[in-house]
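Source file: target_37.cif. Holds: mmCIF, C-alpha atoms.
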```cif
data_data
loop_
_atom_site.group_PDB
_atom_site.id
_atom_site.type_symbol
_atom_site.label_atom_id
_atom_site.label_comp_id
_atom_site.auth_asym_id
_atom_site.auth_seq_id
_atom_site.Cartn_x
_atom_site.Cartn_y
_atom_site.Cartn_z
ATOM 1 C CA LYS A 1 -50.780 -77.847 16.201
ATOM 2 C CA GLY A 2 -48.882 -79.302 19.088
ATOM 3 C CA SER A 3 -51.865 -79.012 21.439
ATOM 4 C CA SER A 4 -53.098 -81.912 23.502
ATOM 5 C CA LEU A 5 -56.680 -83.013 22.924
ATOM 6 C CA SER A 6 -56.782 -85.183 26.027
ATOM 7 C CA HIS A 7 -59.285 -82.830 27.671
ATOM 8 C CA VAL A 8 -61.730 -83.039 24.727
ATOM 9 C CA ASP A 9 -64.473 -85.646 25.006
ATOM 10 C CA GLN A 10 -66.739 -87.175 22.354
ATOM 11 C CA SER A 11 -69.646 -84.813 23.024
ATOM 12 C CA ASP A 12 -67.361 -81.829 22.306
ATOM 13 C CA CYS A 13 -66.250 -83.424 19.028
ATOM 14 C CA ASP A 14 -69.856 -84.182 18.068
ATOM 15 C CA ARG A 15 -70.925 -80.601 18.790
ATOM 16 C CA ILE A 16 -68.085 -79.165 16.692
ATOM 17 C CA ALA A 17 -68.756 -81.580 13.816
ATOM 18 C CA HIS A 18 -72.435 -80.626 13.831
ATOM 19 C CA LYS A 19 -71.564 -76.913 13.690
ATOM 20 C CA LEU A 20 -69.215 -77.467 10.760
ATOM 21 C CA ASN A 21 -71.546 -79.759 8.814
ATOM 22 C CA THR A 22 -74.616 -77.532 9.143
ATOM 23 C CA ARG A 23 -72.916 -74.290 8.102
ATOM 24 C CA PRO A 24 -73.720 -73.165 4.527
ATOM 25 C CA ARG A 25 -70.669 -72.997 2.244
ATOM 26 C CA LYS A 26 -70.124 -70.638 -0.652
ATOM 27 C CA ARG A 27 -68.297 -73.370 -2.585
ATOM 28 C CA TYR A 28 -71.462 -75.503 -2.435
ATOM 29 C CA ASP A 29 -73.692 -72.658 -3.645
ATOM 30 C CA TYR A 30 -74.630 -71.929 -0.005
ATOM 31 C CA GLU A 31 -75.774 -75.454 0.737
ATOM 32 C CA THR A 32 -74.508 -77.245 3.798
ATOM 33 C CA PRO A 33 -72.121 -80.196 3.495
ATOM 34 C CA ILE A 34 -74.913 -82.446 4.805
ATOM 35 C CA GLU A 35 -77.308 -81.267 2.084
ATOM 36 C CA ARG A 36 -74.616 -81.805 -0.534
ATOM 37 C CA MET A 37 -73.888 -85.347 0.677
ATOM 38 C CA GLN A 38 -77.603 -86.209 0.641
ATOM 39 C CA GLU A 39 -77.870 -85.052 -2.983
ATOM 40 C CA LEU A 40 -74.788 -87.032 -3.968
ATOM 41 C CA SER A 41 -75.996 -90.198 -2.261
ATOM 42 C CA LYS A 42 -79.361 -89.920 -4.043
ATOM 43 C CA ALA A 43 -77.547 -89.561 -7.385
ATOM 44 C CA LEU A 44 -75.436 -92.646 -6.638
ATOM 45 C CA HIS A 45 -78.515 -94.715 -5.768
ATOM 46 C CA LEU A 46 -80.244 -93.671 -9.000
ATOM 47 C CA GLY A 47 -77.318 -95.027 -10.991
ATOM 48 C CA CYS A 48 -77.760 -98.569 -9.609
#
```
Translate this structure into structure tokens?
Amino acid sequence: KGSSLSHVDQSDCDRIAHKLNTRPRKRYDYETPIERMQELSKALHLGC
């Protein structure tokens, strides 16, 4: 909060996003957010 992000470039943001999205989460029964999104998108396509 209150910190400048002017020194952060896109590759840093991509690296951090990858770390966050590939970390298993207890709330998702130890699946990663990416795995969860893939399951949800498959379920949405089946409904069409």
_Nearest residue to A:Thr22 out of A:Arg36, A:His45, A:Leu5, A:Gln10, using all atoms listed in the file?_
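With all atoms listed in the file as the atom set, the closest residue is A:Arg36.
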- Task: Tell me which protein, DNA and RNA residues are within 12 Å of stretch 29-33 of chain A, counting only C-alpha atoms, leaving out same-chain ones fewer than 6 positions away, and put them as a list in words.
- Result: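 Everything that qualifies: Ala17, His18, Lys19, Leu20, Asn21, Thr22, Arg23, Glu39 and Leu40 of chain A.
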Could you dump the residues just selected with C-alpha atoms as a short mmCIF file (atom, residue, chain, number, x, y, z; two decimals), in the coordinates of the input?
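Full text of part11.cif as output:
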```cif
data_model
loop_
_atom_site.label_atom_id
_atom_site.label_comp_id
_atom_site.auth_asym_id
_atom_site.auth_seq_id
_atom_site.Cartn_x
_atom_site.Cartn_y
_atom_site.Cartn_z
CA ALA A 17 -68.76 -81.58 13.82
CA HIS A 18 -72.44 -80.63 13.83
CA LYS A 19 -71.56 -76.91 13.69
CA LEU A 20 -69.22 -77.47 10.76
CA ASN A 21 -71.55 -79.76 8.81
CA THR A 22 -74.62 -77.53 9.14
CA ARG A 23 -72.92 -74.29 8.10
CA GLU A 39 -77.87 -85.05 -2.98
CA LEU A 40 -74.79 -87.03 -3.97
#
```
Please return the centre and edge lengths, in Å to one decimal, of a box with edges along x, y and z that contains all listed atoms of stretch 16-27 of chain A, widened by 6 Å on every side, as lines of an AutoDock Vina configuration file.
```
center_x = -71.4
center_y = -76.1
center_z = 7.1
size_x = 18.5
size_y = 22.9
size_z = 31.3
```
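A straight line drawn from atom CA of A:Arg25 to atom CA of A:Cys13 is 20.2 Å long.
For the atom pair formed by atom CA of A:Val8 and atom CA of A:Met37, the distance is 27.0 Å, given to one decimal.
The two atoms in question, atom CA of A:Ser3 and atom CA of A:Ile34, are spaced 28.6 Å apart.
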